$ cat target_22.txt   # compact mmCIF, C-alpha atoms
# COMPACT_ATOMS: atom_id res chain seq x y z
CA MET Q 1 0.00 0.00 0.00
CA SER Q 2 1.47 3.34 -0.98
CA ASP Q 3 1.92 6.10 1.59
CA PRO Q 4 1.32 9.54 0.05
CA ASP Q 5 3.68 11.19 2.52
CA LEU Q 6 6.44 8.69 1.74
CA GLU Q 7 5.90 9.25 -1.97
CA VAL Q 8 6.60 12.96 -1.47
CA HIS Q 9 9.72 12.17 0.55
CA GLU Q 10 10.87 9.70 -2.10
CA ASP Q 11 10.42 12.26 -4.88
CA VAL Q 12 12.68 14.65 -3.00
CA ALA Q 13 15.26 11.92 -2.33
CA LEU Q 14 15.29 10.97 -6.02
CA GLN Q 15 15.80 14.59 -7.04
CA ALA Q 16 18.69 14.90 -4.59
CA VAL Q 17 20.41 11.65 -5.57
CA ARG Q 18 20.18 12.42 -9.28
CA GLN Q 19 21.70 15.87 -8.84
CA ALA Q 20 24.52 14.48 -6.74
CA GLY Q 21 25.10 11.65 -9.20
CA GLN Q 22 25.52 14.05 -12.09
CA LEU Q 23 27.97 16.08 -10.02
CA LEU Q 24 30.08 12.98 -9.37
CA LEU Q 25 30.19 12.14 -13.06
CA ASP Q 26 30.97 15.72 -14.09
CA ARG Q 27 33.83 16.00 -11.58
CA ALA Q 28 35.35 12.54 -12.12
CA GLY Q 29 39.13 12.95 -12.22
CA GLN Q 30 38.82 16.65 -11.31
CA PHE Q 31 38.94 16.99 -7.56
CA ALA Q 32 41.16 17.75 -4.57
CA THR Q 33 41.85 14.93 -2.12
CA ARG Q 34 42.97 14.79 1.51
CA GLU Q 35 43.13 12.19 4.26
CA LYS Q 36 40.53 12.42 7.04
CA ALA Q 37 42.56 9.73 8.78
CA PRO Q 38 45.37 7.45 7.58
CA ARG Q 39 44.19 5.74 4.35
CA ASP Q 40 40.71 7.26 4.75
CA LEU Q 41 40.20 9.68 1.86
CA VAL Q 42 37.78 12.53 1.28
CA THR Q 43 37.49 14.80 -1.76
CA ASP Q 44 35.97 18.20 -2.33
CA VAL Q 45 33.39 16.34 -4.43
CA ASP Q 46 32.20 14.45 -1.32
CA LEU Q 47 31.62 17.81 0.33
CA ALA Q 48 29.96 19.37 -2.72
CA ALA Q 49 27.68 16.37 -3.25
CA GLN Q 50 26.56 16.43 0.38
CA GLU Q 51 25.83 20.15 0.09
CA VAL Q 52 23.66 19.49 -2.97
CA ILE Q 53 21.74 16.72 -1.20
CA GLU Q 54 21.29 18.71 2.00
CA ARG Q 55 20.08 21.77 0.09
CA VAL Q 56 17.44 19.78 -1.80
CA ILE Q 57 16.21 17.97 1.31
CA LYS Q 58 16.18 20.96 3.65
CA SER Q 59 14.40 23.14 1.13
CA ALA Q 60 11.58 20.60 1.16
CA PHE Q 61 11.75 19.58 4.84
CA PRO Q 62 13.45 22.38 6.81
CA GLY Q 63 12.47 20.91 10.17
CA HIS Q 64 13.96 17.46 9.60
CA ALA Q 65 17.22 16.28 11.15
CA PHE Q 66 20.10 15.63 8.75
CA LEU Q 67 23.09 13.34 9.33
CA GLY Q 68 25.75 13.22 6.62
CA GLU Q 69 29.13 11.53 6.54
CA GLU Q 70 30.92 14.80 5.87
CA GLY Q 71 29.58 16.53 8.96
CA ASP Q 72 30.84 16.77 12.50
CA GLY Q 73 30.21 13.12 13.29
CA MET Q 74 27.26 11.49 14.98
CA PRO Q 75 25.54 13.77 17.50
CA ARG Q 76 25.12 12.27 20.95
CA SER Q 77 21.68 11.72 22.40
CA PRO Q 78 21.05 13.20 25.84
CA SER Q 79 19.72 9.75 26.77
CA THR Q 80 22.20 6.98 27.45
CA THR Q 81 19.70 4.34 26.34
CA GLU Q 82 18.57 5.83 23.06
CA SER Q 83 20.60 6.66 19.98
CA TRP Q 84 20.49 10.12 18.47
CA ILE Q 85 18.89 8.71 15.31
CA ALA Q 86 16.17 6.93 17.27
CA ALA Q 87 15.43 10.15 19.14
CA GLN Q 88 14.59 12.01 15.92
CA GLU Q 89 11.02 12.14 14.66
CA ASN Q 90 12.30 12.58 11.09
CA CYS Q 91 15.94 12.00 10.11
CA TRP Q 92 17.77 11.89 6.77
CA ILE Q 93 21.00 9.87 6.73
CA VAL Q 94 23.30 10.49 3.78
CA ASP Q 95 26.57 9.21 2.33
CA PRO Q 96 27.47 11.48 -0.61
CA ILE Q 97 30.09 9.06 -1.95
CA ASP Q 98 30.16 5.56 -0.51
CA GLY Q 99 33.41 4.28 -1.96
CA THR Q 100 35.48 7.47 -2.06
CA THR Q 101 38.78 5.58 -2.49
CA ASN Q 102 37.34 3.86 -5.55
CA TYR Q 103 36.17 7.24 -6.87
CA VAL Q 104 39.63 8.75 -6.35
CA HIS Q 105 41.27 5.88 -8.24
CA GLN Q 106 38.60 5.96 -10.97
CA LEU Q 107 37.50 2.45 -10.08
CA PRO Q 108 33.83 2.50 -11.14
CA PHE Q 109 32.32 1.07 -7.98
CA TYR Q 110 30.88 3.76 -5.76
CA SER Q 111 27.44 5.07 -4.89
CA ILE Q 112 25.32 7.76 -3.27
CA SER Q 113 23.08 6.66 -0.42
CA ILE Q 114 20.10 8.57 1.01
CA ALA Q 115 17.86 7.15 3.75
CA PHE Q 116 14.88 8.56 5.60
CA TRP Q 117 14.21 7.28 9.12
CA GLN Q 118 11.28 8.04 11.41
CA GLN Q 119 11.49 7.47 15.16
CA GLY Q 120 14.35 5.04 14.78
CA LEU Q 121 12.93 3.02 11.87
CA PRO Q 122 13.94 3.08 8.18
CA ARG Q 123 11.11 4.32 6.00
CA LEU Q 124 12.71 4.86 2.60
CA GLY Q 125 16.02 4.62 0.84
CA VAL Q 126 17.55 5.43 -2.53
CA ILE Q 127 21.00 4.37 -3.65
CA LEU Q 128 22.43 5.38 -7.02
CA ASP Q 129 25.35 3.87 -8.89
CA PRO Q 130 25.93 6.80 -11.27
CA VAL Q 131 28.39 4.94 -13.49
CA ARG Q 132 26.00 2.11 -14.37
CA ASP Q 133 22.92 4.32 -13.96
CA GLU Q 134 21.45 1.78 -11.54
CA LEU Q 135 18.98 3.26 -9.10
CA PHE Q 136 17.87 1.10 -6.18
CA SER Q 137 14.88 2.34 -4.18
CA ALA Q 138 12.55 1.12 -1.46
CA THR Q 139 9.81 2.36 0.82
CA ALA Q 140 8.75 0.43 3.90
CA GLY Q 141 6.28 -2.32 3.05
CA ASN Q 142 6.61 -2.00 -0.71
CA GLY Q 143 9.62 -4.10 -1.70
CA VAL Q 144 12.73 -3.04 -3.60
CA LEU Q 145 13.04 -1.67 -7.12
CA LEU Q 146 16.04 -1.55 -9.44
CA ASN Q 147 15.39 1.06 -12.12
CA GLY Q 148 11.69 0.60 -11.46
CA GLU Q 149 11.62 -3.21 -11.60
CA PRO Q 150 11.11 -5.40 -8.50
CA VAL Q 151 14.08 -7.40 -7.21
CA SER Q 152 14.55 -9.90 -4.40
CA VAL Q 153 17.26 -11.80 -2.55
CA SER Q 154 18.69 -15.07 -3.84
CA THR Q 155 17.48 -18.50 -2.76
CA THR Q 156 20.93 -19.58 -1.53
CA ARG Q 157 20.77 -21.61 1.69
CA GLU Q 158 24.15 -23.36 1.82
CA ILE Q 159 27.27 -21.53 2.95
CA SER Q 160 29.37 -23.49 0.45
CA GLU Q 161 27.32 -21.98 -2.39
CA ALA Q 162 27.35 -18.41 -1.10
CA LEU Q 163 29.05 -15.43 -2.72
CA VAL Q 164 29.60 -13.03 0.17
CA ALA Q 165 31.07 -9.57 0.66
CA VAL Q 166 32.82 -7.85 3.54
CA SER Q 167 33.83 -4.33 4.53
CA PHE Q 168 37.03 -3.62 6.43
CA ALA Q 169 38.10 -0.52 8.31
CA ALA Q 170 40.53 1.77 6.51
CA ASN Q 171 43.21 0.90 9.07
CA ILE Q 172 43.04 -2.76 9.96
CA ASP Q 173 45.40 -4.75 12.15
CA ASP Q 174 46.52 -8.12 10.77
CA GLU Q 175 45.48 -9.79 14.03
CA SER Q 176 42.03 -8.19 14.16
CA LEU Q 177 38.76 -10.08 14.44
CA GLU Q 178 37.84 -8.82 10.97
CA VAL Q 179 40.81 -10.62 9.45
CA HIS Q 180 40.01 -13.85 11.30
CA ARG Q 181 36.38 -13.76 10.12
CA PHE Q 182 37.58 -13.12 6.58
CA ALA Q 183 39.89 -16.14 6.73
CA ARG Q 184 37.07 -18.36 7.97
CA ALA Q 185 34.74 -17.16 5.23
CA LEU Q 186 37.40 -17.83 2.58
CA HIS Q 187 37.54 -21.47 3.66
CA HIS Q 188 33.78 -22.06 3.85
CA CYS Q 189 32.07 -19.82 1.29
CA ARG Q 190 32.15 -20.13 -2.47
CA ALA Q 191 33.96 -16.78 -2.71
CA VAL Q 192 34.47 -13.56 -0.76
CA ARG Q 193 34.57 -10.04 -2.18
CA ARG Q 194 35.73 -6.73 -0.71
CA MET Q 195 34.49 -4.14 -3.19
CA GLY Q 196 34.61 -0.87 -1.27
CA SER Q 197 30.99 0.29 -1.08
CA ALA Q 198 28.84 -1.02 1.76
CA ALA Q 199 25.76 0.56 0.19
CA LEU Q 200 26.23 -1.28 -3.10
CA ASN Q 201 27.00 -4.53 -1.27
CA LEU Q 202 23.58 -4.30 0.38
CA CYS Q 203 21.94 -3.40 -2.95
CA TYR Q 204 23.54 -6.43 -4.56
CA LEU Q 205 22.38 -8.65 -1.71
CA ALA Q 206 18.84 -7.30 -2.04
CA SER Q 207 18.86 -7.98 -5.79
CA GLY Q 208 20.32 -11.50 -5.64
CA ARG Q 209 23.81 -10.71 -6.90
CA LEU Q 210 25.36 -11.43 -3.51
CA ASP Q 211 24.16 -13.92 -0.91
CA ALA Q 212 25.49 -12.31 2.27
CA TYR Q 213 27.44 -9.33 3.57
CA TRP Q 214 29.03 -8.51 6.90
CA ALA Q 215 30.85 -5.59 8.47
CA SER Q 216 32.04 -4.62 11.91
CA SER Q 217 33.27 -1.11 11.14
CA ALA Q 218 30.56 0.41 8.96
CA GLN Q 219 28.92 3.72 9.83
CA PRO Q 220 25.20 4.63 9.90
CA TRP Q 221 25.39 6.51 6.60
CA ASP Q 222 26.96 3.45 4.92
CA VAL Q 223 24.03 1.15 5.68
CA ALA Q 224 20.96 3.20 6.63
CA ALA Q 225 19.30 2.74 3.24
CA GLY Q 226 20.71 -0.70 2.41
CA ILE Q 227 19.37 -2.51 5.45
CA LEU Q 228 15.85 -1.50 4.43
CA PHE Q 229 16.53 -2.93 0.97
CA VAL Q 230 17.66 -6.29 2.33
CA ARG Q 231 14.65 -6.66 4.59
CA GLU Q 232 12.18 -5.49 1.95
CA ALA Q 233 13.72 -7.94 -0.53
CA GLY Q 234 13.21 -10.89 1.84
CA GLY Q 235 16.60 -11.06 3.58
CA LEU Q 236 17.75 -10.82 7.20
CA VAL Q 237 19.85 -8.26 9.06
CA THR Q 238 21.22 -8.76 12.58
CA SER Q 239 24.30 -7.88 14.57
CA LEU Q 240 27.26 -10.21 14.17
CA ASP Q 241 26.30 -12.06 17.34
CA GLY Q 242 22.76 -12.63 16.09
CA GLY Q 243 21.21 -9.87 18.20
CA GLU Q 244 19.13 -6.97 17.03
CA PHE Q 245 20.86 -4.64 14.56
CA GLN Q 246 21.43 -1.13 15.93
CA ILE Q 247 21.99 1.69 13.46
CA ASP Q 248 24.33 3.67 15.71
CA ARG Q 249 26.56 0.60 16.21
CA PRO Q 250 26.45 -1.04 12.78
CA ASP Q 251 28.25 -4.26 13.48
CA MET Q 252 26.12 -6.29 11.09
CA LEU Q 253 25.44 -9.49 9.21
CA ALA Q 254 22.97 -9.53 6.32
CA SER Q 255 21.96 -12.69 4.47
CA ALA Q 256 19.53 -13.91 1.83
CA SER Q 257 18.03 -16.78 3.86
CA SER Q 258 17.64 -17.99 7.44
CA PRO Q 259 19.71 -21.18 6.93
CA LEU Q 260 22.57 -19.22 5.40
CA HIS Q 261 22.36 -16.60 8.15
CA GLU Q 262 22.52 -19.23 10.88
CA SER Q 263 25.51 -20.91 9.20
CA LEU Q 264 27.41 -17.63 9.06
CA LEU Q 265 26.58 -16.78 12.68
CA GLU Q 266 27.93 -20.18 13.68
CA LEU Q 267 31.03 -19.69 11.50
CA PHE Q 268 31.82 -16.38 13.17
CA ASP Q 269 30.91 -17.48 16.69
CA GLY Q 270 33.83 -17.11 19.06
CA VAL Q 271 35.97 -15.17 16.57

$ encode --input "target_22.txt" --output "structure tokens"
Amino acid sequence: MSDPDLEVHEDVALQAVRQAGQLLLDRAGQFATREKAPRDLVTDVDLAAQEVIERVIKSAFPGHAFLGEEGDGMPRSPSTTESWIAAQENCWIVDPIDGTTNYVHQLPFYSISIAFWQQGLPRLGVILDPVRDELFSATAGNGVLLNGEPVSVSTTREISEALVAVSFAANIDDESLEVHRFARALHHCRAVRRMGSAALNLCYLASGRLDAYWASSAQPWDVAAGILFVREAGGLVTSLDGGEFQIDRPDMLASASSPLHESLLELFDGV
């Protein structure tokens, strides 16, 4: 059932993501780059794209909260039991370039992610791959669309048949838990990919191109839209220990089926 209010919000999100996508294409190879932290890059295009998105959204919804990657970080809630995002009646969560290192190196695997959350729940998301002109979109209760056509997760149930993806932190220690999980997955899954865009990983899971994805160092703006896609497409999202996923602490495991999810939880147990 369509929600007229969500349709208005989605129209604004689509306008914003298309404008930002064109900016990324127009500025490809023409940008200034710096390190936010060692091996963690940001460009002036990240900043410009976020400004475009924020301008479009705030002109339509001036009273809504806005959380973007290129801001001052996640605000802290005055409550110790409730995240800042959950405390907002209406909150937009934006990653202007998810996969900035790929963008800098002209590796064509990056995306723009825009999510709208209400009272701690995802209500809509749009993610654009501007290079392939692939637009993934979803509103709560209405499934997932890829360029207007419905998509769904794969039917994969066995870990040995699963193509999975992982995200690592920019600075990772060779003895970290992330490396140990990666090694286990290499031995038990069909194949493992690290492609550099959490948002696209979740899109690919929701559309059946991947069977599972996990991360222990993602940020809210990386996954705020994608987790809605996975759930709307028939998949599962939990924390890495099988508990409830929390957007402000996105340690996460997403899978196409319950049997596959349980197998991966067991694989990672104790790591």

$ closest_residue --input "target_22.txt" --among "Q:Trp117, Q:Gly21, Q:Gly63, Q:Tyr213" --to "Trp84 of chain Q" --atoms "only C-alpha atoms"
Q:Trp117

$ residues_around --input "target_22.txt" --residues "Ala191 of chain Q" --least-positions-apart "3" --cutoff "12 Å" --atoms "only C-alpha atoms" --output "list of chain:residue names"
Q:Ile159, Q:Ser160, Q:Glu161, Q:Ala162, Q:Leu163, Q:Val164, Q:Ala165, Q:Val166, Q:Phe182, Q:Ala183, Q:Arg184, Q:Ala185, Q:Leu186, Q:His187, Q:His188, Q:Arg194, Q:Leu210, Q:Asp211, Q:Ala212, Q:Tyr213

$ write_last_selection --input "target_22.txt" --atoms "C-alpha atoms" --output "PDB file, in the frame of the given file"
ATOM      1  CA  ILE Q 159      27.270 -21.530   2.950  1.00  0.00           C
ATOM      2  CA  SER Q 160      29.370 -23.490   0.450  1.00  0.00           C
ATOM      3  CA  GLU Q 161      27.320 -21.980  -2.390  1.00  0.00           C
ATOM      4  CA  ALA Q 162      27.350 -18.410  -1.100  1.00  0.00           C
ATOM      5  CA  LEU Q 163      29.050 -15.430  -2.720  1.00  0.00           C
ATOM      6  CA  VAL Q 164      29.600 -13.030   0.170  1.00  0.00           C
ATOM      7  CA  ALA Q 165      31.070  -9.570   0.660  1.00  0.00           C
ATOM      8  CA  VAL Q 166      32.820  -7.850   3.540  1.00  0.00           C
ATOM      9  CA  PHE Q 182      37.580 -13.120   6.580  1.00  0.00           C
ATOM     10  CA  ALA Q 183      39.890 -16.140   6.730  1.00  0.00           C
ATOM     11  CA  ARG Q 184      37.070 -18.360   7.970  1.00  0.00           C
ATOM     12  CA  ALA Q 185      34.740 -17.160   5.230  1.00  0.00           C
ATOM     13  CA  LEU Q 186      37.400 -17.830   2.580  1.00  0.00           C
ATOM     14  CA  HIS Q 187      37.540 -21.470   3.660  1.00  0.00           C
ATOM     15  CA  HIS Q 188      33.780 -22.060   3.850  1.00  0.00           C
ATOM     16  CA  ARG Q 194      35.730  -6.730  -0.710  1.00  0.00           C
ATOM     17  CA  LEU Q 210      25.360 -11.430  -3.510  1.00  0.00           C
ATOM     18  CA  ASP Q 211      24.160 -13.920  -0.910  1.00  0.00           C
ATOM     19  CA  ALA Q 212      25.490 -12.310   2.270  1.00  0.00           C
ATOM     20  CA  TYR Q 213      27.440  -9.330   3.570  1.00  0.00           C
TER      21      TYR Q 213
END

$ residues_around --input "target_22.txt" --residues "Ala20 of chain Q" --least-positions-apart "6" --cutoff "9 Å" --atoms "all atoms listed in the file" --output "PyMOL selection string"
chain Q and resi 48-53+96+112

$ residues_around --input "target_22.txt" --residues "Thr100 of chain Q" --least-positions-apart "2" --cutoff "10 Å" --atoms "only C-alpha atoms" --output "PyMOL selection string"
chain Q and resi 33+40-43+45-46+96-98+102-107+109-111+196-197

$ atom_distance --input "target_22.txt" --atom1 "atom CA of His180 of chain Q" --atom2 "atom CA of Ala215 of chain Q"
12.7 Å

$ atom_distance --input "target_22.txt" --atom1 "atom CA of Leu24 of chain Q" --atom2 "atom CA of Leu128 of chain Q"
11.0 Å

$ residues_around --input "target_22.txt" --residues "Glu54 of chain Q" --least-positions-apart "5" --cutoff "9 Å" --atoms "all atoms listed in the file" --output "PyMOL selection string"
chain Q and resi 16+49+59+66+68+94

$ atom_distance --input "target_22.txt" --atom1 "atom CA of Leu177 of chain Q" --atom2 "atom CA of Pro250 of chain Q"
15.4 Å

$ closest_residue --input "target_22.txt" --among "Q:Glu89, Q:Val153, Q:Ala169, Q:Arg231" --to "Gln219 of chain Q" --atoms "all atoms listed in the file"
Q:Ala169

$ closest_residue --input "target_22.txt" --among "Q:Ile93, Q:Gln30, Q:Pro108, Q:Ser152" --to "Gly120 of chain Q" --atoms "only C-alpha atoms"
Q:Ile93

$ closest_residue --input "target_22.txt" --among "Q:Leu135, Q:Ile247, Q:Ala199, Q:Ala256" --to "Gly234 of chain Q" --atoms "all atoms listed in the file"
Q:Ala256

$ closest_residue --input "target_22.txt" --among "Q:Val237, Q:Leu145, Q:Ala60, Q:Ile85" --to "Gln119 of chain Q" --atoms "all atoms listed in the file"
Q:Ile85

$ axis_aligned_box --input "target_22.txt" --around "segment 50-59 of chain Q" --padding-each-side "5 Å" --output "AutoDock Vina command-line options"
--center_x 20.5 --center_y 19.8 --center_z 0.3 --size_x 22.2 --size_y 16.7 --size_z 16.6

$ closest_residue --input "target_22.txt" --among "Q:Leu14, Q:Val179, Q:Val151, Q:Ile172" --to "Ser207 of chain Q" --atoms "all atoms listed in the file"
Q:Val151

$ decode --input "target_22.txt" --residues "segment 230-247 of chain Q" --atoms "N, CA and C atoms" --output "short mmCIF file (atom, residue, chain, number, x, y, z; two decimals), in the first residue's frame"
data_model
loop_
_atom_site.label_atom_id
_atom_site.label_comp_id
_atom_site.auth_asym_id
_atom_site.auth_seq_id
_atom_site.Cartn_x
_atom_site.Cartn_y
_atom_site.Cartn_z
N VAL Q 230 17.51 -4.86 2.07
CA VAL Q 230 17.66 -6.29 2.33
C VAL Q 230 16.39 -6.85 2.95
N ARG Q 231 15.86 -6.17 3.93
CA ARG Q 231 14.65 -6.66 4.59
C ARG Q 231 13.45 -6.63 3.65
N GLU Q 232 13.31 -5.58 2.88
CA GLU Q 232 12.18 -5.49 1.95
C GLU Q 232 12.29 -6.52 0.82
N ALA Q 233 13.51 -6.95 0.53
CA ALA Q 233 13.72 -7.94 -0.53
C ALA Q 233 13.63 -9.37 -0.02
N GLY Q 234 13.39 -9.55 1.28
CA GLY Q 234 13.21 -10.89 1.84
C GLY Q 234 14.38 -11.43 2.62
N GLY Q 235 15.42 -10.61 2.86
CA GLY Q 235 16.60 -11.06 3.58
C GLY Q 235 16.55 -10.73 5.06
N LEU Q 236 17.65 -11.03 5.76
CA LEU Q 236 17.75 -10.82 7.20
C LEU Q 236 18.92 -9.91 7.50
N VAL Q 237 18.77 -9.10 8.55
CA VAL Q 237 19.85 -8.26 9.06
C VAL Q 237 19.87 -8.36 10.57
N THR Q 238 21.03 -8.73 11.13
CA THR Q 238 21.22 -8.76 12.58
C THR Q 238 22.60 -8.20 12.89
N SER Q 239 22.92 -8.13 14.18
CA SER Q 239 24.30 -7.88 14.57
C SER Q 239 25.11 -9.15 14.31
N LEU Q 240 26.40 -9.05 14.44
CA LEU Q 240 27.26 -10.21 14.17
C LEU Q 240 27.14 -11.31 15.22
N ASP Q 241 26.53 -11.01 16.35
CA ASP Q 241 26.30 -12.06 17.34
C ASP Q 241 24.87 -12.59 17.27
N GLY Q 242 24.12 -12.16 16.26
CA GLY Q 242 22.76 -12.63 16.09
C GLY Q 242 21.72 -11.78 16.79
N GLY Q 243 22.14 -10.76 17.51
CA GLY Q 243 21.21 -9.87 18.20
C GLY Q 243 20.60 -8.86 17.26
N GLU Q 244 19.81 -7.99 17.83
CA GLU Q 244 19.13 -6.97 17.03
C GLU Q 244 20.14 -5.97 16.47
N PHE Q 245 20.00 -5.66 15.19
CA PHE Q 245 20.86 -4.64 14.56
C PHE Q 245 20.54 -3.28 15.15
N GLN Q 246 21.60 -2.49 15.43
CA GLN Q 246 21.43 -1.13 15.93
C GLN Q 246 22.16 -0.17 15.01
N ILE Q 247 21.44 0.81 14.49
CA ILE Q 247 21.99 1.69 13.46
C ILE Q 247 23.18 2.51 13.95
#
